[in-house]
Structures are given as structure tokens and as C-alpha cells.
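Okay, model.txt is below, compact mmCIF, C-alpha atoms:
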# COMPACT_ATOMS: atom_id res chain seq x y z
CA MET A 17 0.00 0.00 0.00
CA ASN A 18 1.32 3.42 -0.93
CA THR A 19 1.04 5.94 1.93
CA ASP A 20 2.68 8.77 -0.01
CA ASP A 21 0.34 11.73 -0.71
CA SER A 22 2.17 12.90 -3.84
CA PRO A 23 0.34 12.85 -7.21
CA GLN A 24 0.41 9.38 -8.67
CA PHE A 25 -1.25 8.03 -11.76
CA ASP A 26 -3.23 4.87 -10.92
CA GLU A 27 -3.75 2.36 -13.73
CA ILE A 28 -6.67 0.68 -11.95
CA ILE A 29 -8.60 3.92 -11.40
CA HIS A 30 -7.71 5.42 -14.76
CA ALA A 31 -10.22 3.41 -16.88
CA PRO A 32 -13.03 5.97 -17.55
CA ILE A 33 -15.89 4.02 -15.95
CA ARG A 34 -13.80 3.13 -12.89
CA LEU A 35 -12.62 6.73 -12.59
CA ARG A 36 -16.25 7.90 -12.62
CA ILE A 37 -17.30 5.24 -10.10
CA CYS A 38 -14.47 6.34 -7.82
CA GLY A 39 -15.54 9.98 -8.31
CA LEU A 40 -19.07 9.13 -7.15
CA LEU A 41 -17.99 6.98 -4.24
CA TYR A 42 -15.42 9.54 -3.12
CA THR A 43 -18.11 12.21 -2.83
CA TYR A 44 -21.03 10.04 -1.58
CA SER A 45 -20.07 6.81 0.13
CA PRO A 46 -21.69 4.35 0.74
CA MET A 47 -23.91 4.26 -2.33
CA ARG A 48 -26.42 1.73 -3.59
CA PHE A 49 -25.53 -0.18 -6.74
CA ASP A 50 -28.54 1.12 -8.75
CA VAL A 51 -27.67 4.74 -7.97
CA VAL A 52 -24.12 4.26 -9.30
CA ARG A 53 -25.46 2.47 -12.42
CA ASP A 54 -28.20 5.05 -13.14
CA THR A 55 -26.02 8.09 -12.52
CA LEU A 56 -23.38 6.82 -14.94
CA GLU A 57 -26.03 5.48 -17.34
CA ILE A 58 -24.29 2.13 -17.76
CA SER A 59 -25.57 -1.45 -17.77
CA ASP A 60 -25.80 -3.72 -14.74
CA ALA A 61 -23.04 -5.95 -16.13
CA THR A 62 -20.62 -3.08 -16.81
CA CYS A 63 -21.22 -1.53 -13.41
CA SER A 64 -20.81 -4.86 -11.66
CA LYS A 65 -17.63 -5.73 -13.58
CA HIS A 66 -15.88 -2.45 -12.76
CA LEU A 67 -16.98 -2.47 -9.12
CA LYS A 68 -15.55 -5.98 -8.79
CA VAL A 69 -12.20 -4.85 -10.20
CA LEU A 70 -12.09 -1.99 -7.70
CA ALA A 71 -13.08 -4.36 -4.90
CA GLU A 72 -10.37 -6.87 -5.89
CA HIS A 73 -7.77 -4.12 -5.53
CA GLY A 74 -9.11 -3.08 -2.12
CA TYR A 75 -10.39 0.31 -3.31
CA VAL A 76 -14.04 -0.51 -2.75
CA VAL A 77 -16.01 -2.75 -0.39
CA LEU A 78 -19.26 -4.32 -1.59
CA ASP A 79 -21.93 -5.12 1.02
CA LYS A 80 -25.15 -7.02 0.46
CA LYS A 81 -27.98 -5.70 2.59
CA ALA A 82 -31.64 -6.66 2.85
CA GLY A 83 -34.04 -4.72 0.62
CA ASP A 84 -37.39 -3.21 1.63
CA ASP A 85 -39.40 -6.43 1.75
CA ARG A 86 -36.45 -8.60 2.89
CA GLY A 87 -37.09 -10.82 -0.13
CA TYR A 88 -34.01 -9.65 -1.99
CA ARG A 89 -30.63 -8.18 -1.16
CA LEU A 90 -29.24 -4.88 -2.39
CA THR A 91 -25.57 -4.19 -3.04
CA TRP A 92 -24.02 -1.14 -1.42
CA ALA A 93 -20.57 0.07 -2.47
CA ARG A 94 -18.25 1.92 -0.12
CA MET A 95 -14.83 3.37 -0.84
CA THR A 96 -12.04 2.21 1.46
CA GLY A 97 -9.37 4.46 2.97
CA GLU A 98 -6.88 3.01 0.50
CA GLY A 99 -9.26 3.76 -2.37
CA ARG A 100 -9.73 7.35 -1.21
CA ARG A 101 -5.98 7.93 -0.99
CA ALA A 102 -5.39 6.35 -4.41
CA PHE A 103 -8.16 8.48 -5.93
CA GLU A 104 -6.79 11.66 -4.33
CA ARG A 105 -3.32 10.91 -5.71
CA HIS A 106 -4.78 10.11 -9.14
CA VAL A 107 -6.83 13.34 -9.28
CA ALA A 108 -3.74 15.28 -8.18
CA ALA A 109 -1.86 13.64 -11.07
CA LEU A 110 -4.65 14.62 -13.49
CA ARG A 111 -4.48 18.21 -12.23
CA ARG A 112 -0.73 18.25 -12.84
CA ILE A 113 -1.23 16.96 -16.37
CA THR A 114 -3.95 19.56 -16.97
CA ALA A 115 -1.62 22.30 -15.72
CA GLY A 116 1.04 21.06 -18.15
CA GLU A 117 3.46 20.20 -15.34
CA VAL A 118 4.13 16.67 -16.63
CA MET B 21 -2.13 4.45 -20.49
CA THR B 22 0.38 6.33 -18.33
CA THR B 23 0.96 10.03 -17.58
CA ASN B 24 3.35 10.17 -20.55
CA ASP B 25 0.53 9.22 -22.95
CA MET B 26 -1.78 11.95 -21.73
CA GLU B 27 -2.10 15.51 -22.95
CA PRO B 28 -3.42 18.42 -20.81
CA PRO B 29 -6.82 18.40 -22.64
CA ASP B 30 -7.25 14.69 -21.76
CA GLY B 31 -6.73 15.42 -18.08
CA ALA B 32 -9.07 18.43 -18.23
CA GLU B 33 -11.72 16.33 -19.96
CA MET B 34 -11.55 13.68 -17.24
CA LEU B 35 -11.77 16.23 -14.45
CA ALA B 36 -14.75 17.88 -16.20
CA MET B 37 -16.43 14.47 -16.51
CA LEU B 38 -15.98 13.85 -12.77
CA ASP B 39 -17.36 17.30 -11.99
CA ASN B 40 -20.36 16.70 -14.23
CA ASP B 41 -21.15 13.35 -12.51
CA ARG B 42 -20.81 14.96 -9.10
CA THR B 43 -23.28 17.75 -9.95
CA ARG B 44 -25.79 15.31 -11.46
CA LEU B 45 -25.57 13.15 -8.38
CA ALA B 46 -26.04 16.15 -6.07
CA MET B 47 -29.35 16.86 -7.84
CA ARG B 48 -30.42 13.20 -7.78
CA THR B 49 -29.73 12.74 -4.11
CA ARG B 50 -31.53 15.72 -2.66
CA ARG B 51 -33.36 14.93 0.57
CA PRO B 52 -36.95 13.76 -0.04
CA SER B 53 -39.64 16.50 0.19
CA TRP B 54 -41.08 15.01 3.39
CA TYR B 55 -37.75 15.28 5.24
CA ALA B 56 -37.92 18.94 6.34
CA PRO B 57 -41.58 18.81 7.54
CA ALA B 58 -40.88 15.53 9.37
CA TYR B 59 -37.86 17.15 11.00
CA GLY B 60 -40.08 20.07 12.07
CA VAL B 61 -42.59 17.67 13.66
CA LEU B 62 -39.78 15.98 15.61
CA VAL B 63 -38.51 19.35 16.85
CA ALA B 64 -42.05 20.24 18.00
CA ALA B 65 -42.30 16.90 19.81
CA LEU B 66 -38.88 17.49 21.43
CA ASN B 67 -40.02 20.94 22.61
CA LEU B 68 -43.21 19.58 24.12
CA LEU B 69 -41.17 16.88 25.84
CA TYR B 70 -39.01 19.57 27.45
CA TRP B 71 -42.13 21.44 28.53
CA VAL B 72 -43.39 18.30 30.30
CA LEU B 73 -39.95 17.80 31.86
CA GLY B 74 -39.99 21.44 33.07
CA MET B 75 -43.31 20.83 34.81
CA SER B 76 -42.08 17.64 36.43
CA PHE B 77 -38.90 19.37 37.65
CA ASN B 78 -41.17 21.84 39.42
CA GLY B 79 -42.81 18.90 41.19
CA LEU B 80 -46.29 19.82 39.94
CA TYR B 81 -49.28 17.65 39.32
CA ALA B 82 -50.68 18.27 35.85
CA PHE B 83 -53.10 16.43 33.58
CA GLY B 84 -54.00 14.40 36.66
CA LEU B 85 -50.48 12.87 36.81
CA ALA B 86 -47.89 12.94 39.60
CA PRO B 87 -44.41 14.38 38.79
CA THR B 88 -42.86 10.91 38.83
CA ALA B 89 -45.37 9.79 36.19
CA PHE B 90 -44.16 12.68 34.04
CA TYR B 91 -40.63 11.27 34.09
CA GLY B 92 -41.98 7.95 32.84
CA CYS B 93 -43.90 9.72 30.06
CA ALA B 94 -40.83 11.79 29.15
CA LEU B 95 -38.65 8.67 28.96
CA ALA B 96 -41.20 6.86 26.77
CA ALA B 97 -41.48 9.94 24.53
CA LEU B 98 -37.69 10.14 24.25
CA VAL B 99 -37.52 6.49 23.14
CA LEU B 100 -40.24 7.14 20.55
CA LEU B 101 -38.45 10.27 19.31
CA THR B 102 -35.17 8.38 18.93
CA MET B 103 -36.97 5.67 16.96
CA ALA B 104 -38.63 8.32 14.79
CA VAL B 105 -35.25 9.95 14.03
CA ALA B 106 -33.78 6.54 13.13
CA ALA B 107 -36.78 5.78 10.87
CA MET B 108 -36.44 9.20 9.20
CA LEU B 109 -32.73 8.69 8.50
CA ALA B 110 -33.35 5.15 7.20
CA GLY B 111 -36.17 6.45 4.97
CA ALA B 112 -33.93 9.17 3.51
CA ARG B 113 -31.18 6.61 2.90
CA ARG B 114 -33.64 4.28 1.16
CA ALA B 115 -35.08 7.09 -0.97
CA THR B 116 -31.74 8.51 -2.11
CA GLY B 117 -29.62 5.34 -2.19
CA ILE B 118 -26.66 7.06 -0.54
CA GLY B 119 -25.18 7.02 2.96
CA ILE B 120 -26.36 9.67 5.39
CA TRP B 121 -23.15 10.94 6.90
CA ALA B 122 -20.71 10.79 4.00
CA LYS B 123 -21.25 13.70 1.64
CA THR B 124 -17.87 15.10 0.67
CA ARG B 125 -19.48 16.53 -2.50
CA PHE B 126 -16.17 17.86 -3.81
CA LEU B 127 -13.20 16.37 -5.55
CA PRO B 128 -9.75 16.47 -3.95
CA GLY B 129 -8.13 19.87 -4.38
CA SER B 130 -11.42 21.59 -5.24
CA PRO B 131 -11.96 25.14 -3.88
CA GLY B 132 -15.57 24.25 -3.03
CA ARG B 133 -14.50 22.02 -0.12
CA ARG B 134 -13.68 24.94 2.19
CA ARG B 135 -16.96 26.69 1.30
CA GLN B 136 -18.83 23.47 2.02
CA ARG B 137 -17.14 23.02 5.41
CA ARG B 138 -18.09 26.58 6.41
CA ALA B 139 -21.70 26.10 5.21
CA THR B 140 -22.01 22.79 7.09
CA ALA B 141 -20.71 24.36 10.32
CA GLN B 142 -23.21 27.23 9.94
CA ALA B 143 -26.08 24.81 9.26
CA ILE B 144 -25.31 22.66 12.31
CA ALA B 145 -24.86 25.71 14.58
CA SER B 146 -28.15 27.31 13.42
CA LEU B 147 -30.16 24.11 13.74
CA VAL B 148 -28.77 23.32 17.19
CA LEU B 149 -29.41 26.91 18.32
CA VAL B 150 -33.04 26.91 17.10
CA GLN B 151 -34.08 23.44 18.21
CA TYR B 152 -32.35 23.37 21.60
CA GLY B 153 -32.97 27.11 22.19
CA SER B 154 -36.72 26.61 21.73
CA ALA B 155 -36.59 23.41 23.81
CA ALA B 156 -34.85 25.34 26.63
CA VAL B 157 -37.53 28.05 26.47
CA ASP B 158 -40.23 25.36 26.65
CA PHE B 159 -38.49 23.76 29.62
CA ALA B 160 -38.49 27.15 31.40
CA LEU B 161 -42.16 27.70 30.53
CA GLY B 162 -42.98 24.26 31.92
CA TYR B 163 -41.05 25.02 35.09
CA MET B 164 -42.92 28.33 35.47
CA THR B 165 -46.20 26.53 34.62
CA VAL B 166 -47.60 29.28 32.42
CA SER B 167 -50.63 28.67 30.20
CA TRP B 168 -50.18 25.75 27.75
CA ILE B 169 -50.68 28.16 24.82
CA TRP B 170 -47.14 29.58 25.20
CA PRO B 171 -45.17 26.33 25.12
CA VAL B 172 -47.25 25.10 22.20
CA ALA B 173 -46.63 28.37 20.36
CA VAL B 174 -42.86 28.10 21.03
CA ALA B 175 -42.91 24.49 19.79
CA VAL B 176 -44.70 25.50 16.57
CA VAL B 177 -42.32 28.40 15.92
CA GLY B 178 -39.26 26.25 16.70
CA ALA B 179 -40.53 23.50 14.40
CA ALA B 180 -41.32 25.89 11.53
CA MET B 181 -37.94 27.63 11.84
CA SER B 182 -36.06 24.30 11.95
CA ALA B 183 -37.87 22.99 8.86
CA MET B 184 -37.24 26.25 6.96
CA LEU B 185 -33.56 26.30 7.98
CA LEU B 186 -33.11 22.68 6.87
CA ARG B 187 -34.67 23.43 3.50
CA HIS B 188 -32.57 26.58 3.12
CA PHE B 189 -29.36 24.68 3.87
CA ASP B 190 -30.33 21.91 1.43
CA ARG B 191 -30.76 24.48 -1.36
CA GLN B 192 -27.48 26.16 -0.41
CA ASP B 193 -25.74 22.78 -0.45
CA LEU B 194 -26.99 22.14 -3.97
CA ARG B 195 -25.87 25.60 -5.13
CA LEU B 196 -22.39 24.95 -3.74
CA ALA B 197 -22.29 21.55 -5.46
CA GLU B 198 -23.23 23.19 -8.79
CA GLN B 199 -20.51 25.81 -8.40
CA GLY B 200 -17.88 23.14 -7.73

Could you quickly redo this structure as C-alpha cells?
Amino acid sequence: MNTDDSPQFDEIIHAPIRLRICGLLYTYSPMRFDVVRDTLEISDATCSKHLKVLAEHGYVVLDKKAGDDRGYRLTWARMTGEGRRAFERHVAALRRITAGEV
Amino acid sequence: MTTNDMEPPDGAEMLAMLDNDRTRLAMRTRRPSWYAPAYGVLVAALNLLYWVLGMSFNGLYAFGLAPTAFYGCALAALVLLTMAVAAMLAGARRATGIGIWAKTRFLPGSPGRRRQRRATAQAIASLVLVQYGSAAVDFALGYMTVSWIWPVAVAVVGAAMSAMLLRHFDRQDLRLAEQG
């Protein structure tokens, strides 16, 4: 795990859908799966696939919780501390690129 | 792709995309319309609870009940209020699909974060001042055992002000999110 706060490009976060998922979860976490999917206007499968990649790298935690009528379970996604730090470093790297510093 | 493969417009485009998602989400996840009125009702109930507590602290018999019975009623009311707050928060979470406490709203390094922190501090201070200020007044009115009209009036004013403040801060929050 990298504890350095300096700007650092993250290959896992960089994929556009994953970057947007991280952006949402960084600002509002935890978030229900359907809210992530609908906000980004992507399919269930795409959303699920990218969330799993982020979860495998420890950036996101996926929790299954009971729905309204307890007959089904809803997935909630939450960004981990490691995910937040990686996203902060990645956004800092993007800002440096935008400023023409790289 | 690495940093070497990216040009400044690529980075700017990605940051703009993140900002756009954040604003859209801020609009999607506004508190439900029933939230502010429900909050007002809870504040009114809290105020009336303090009025009853004020009367019991004075050791008075009222509504045909001994002071000790008042404590029992106050405790039961407090439990009900706590359950109502929990139900309200759970309802808002279910309606919006986002967590209640975590609303950073801004990206790392964004100038909006400081503005948001200041606005949040103001919102909490105002709400605490209005709801506990009116509750303290109701407690004093109960202790002085004035006519029931006054504590009820204070409860109604406190509830209306709390609901209006909550709505005002929600709108302000959305404006800040749009500004980025």
C-alpha cells in the first residue's frame, strides 16, 4: 500500500468508468448499486464488472444488505481508505497533467 | 495508459467528466420533500417533551399525573423520538440510495471544499441553536407553569424555523455543489 500523498497516476482507477465510479464513491459513500449504475447510465453488467475490479484491488467494499421487503438483497458500495488515498493521488496527477506540469 | 501518454486536454476532460457526474448526483440525491416537515414535527415533539420535563422538575401535578409519572412519560417519549429519528434517516437513505453521513461533495483539491465546510458548520450551529434554544424556552415555561398556549406556540415556531432552515441549507448545499 502506498502511503505517499504525492500525485500518482493509478492504472486501476484510470479506466473511464472506474474513474467515474471512484468519483461518485469519493463524494457520496456508501452508495447503492442502482444509484451508481443510473447516474453513470451504464448497464448492470458493466457496473458490476468495474466495481468488482475496484473491490479486488481493495479500493471498494461491496456489502449485500436486505431490501425493503427482505425478499431480496441490495448491493451497497463503499470506498475504502486506500481507495480514497489512491483516488486523491490520481486526481492530483490529473491536475498536474492539466496544468502542463508533466 | 500512463501520464506520458496523456495531454493536458485529456486530463481536463476527465476532471470535467468527474465534476459533471458529481453535480448530477447532487441533484439526484436531494433529501426527499417530506424530510424537512418531518424534522419540524420531531422538533415540536422534542419541545413539548421539554415542557413536560420542566413541569415535572417543578414537582407539579398536571393532567392528573404525579411528577414521577411525568418522568416515565418523558422517557417513553424520548424512546419514541429516537426511533422516529432513526426511521427518518433510514427512509432518507432508502429514498436517495446514498449514505447519510458521508457527503464530501467535492473532488480532492477543489476550492468548493472549504466553502462546504463553512456552510455545514453554519447549518449545524443554526439548527442546534433553534431546536435546543426553543426546547430550553419550553423547559423554562414548563417550570414556570404558564398557560399551555405559550409552550405550544414556542414548539410550533421552533418546528417551523427548523424545517425552513433545513430546506434553506439543502438548497445552499446544492448551489455549492453546482458551483464546484

Output the contact residues of chain A with respect to chain B at a cut-off of 10 Å, based on all atoms listed in the file, as a ChimeraX atom specification.
-> /A:24-27,30-32,35-52,54-56,83-84,92-94,100-101,103-118

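Between atom CA of A:Arg34 and atom CA of B:Glu198 lies a distance of 22.5 Å.
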
Tell me, in Å to one decimal, how far atom CA of B:Asn67 is from atom CA of B:Met108.
-> 18.2 Å

Rounded to one decimal in Å, what is the spacing between atom CA of B:Ala112 and atom CA of B:Ala58?
-> 11.1 Å

Could you name the residues that touch B:Val150 at 12 Å or less, counting only C-alpha atoms, but leaving out those on the same chain fewer than 5 positions away, as a ChimeraX atom specification?
-> /B:60,63-64,66-67,143-145,155-157,174-186
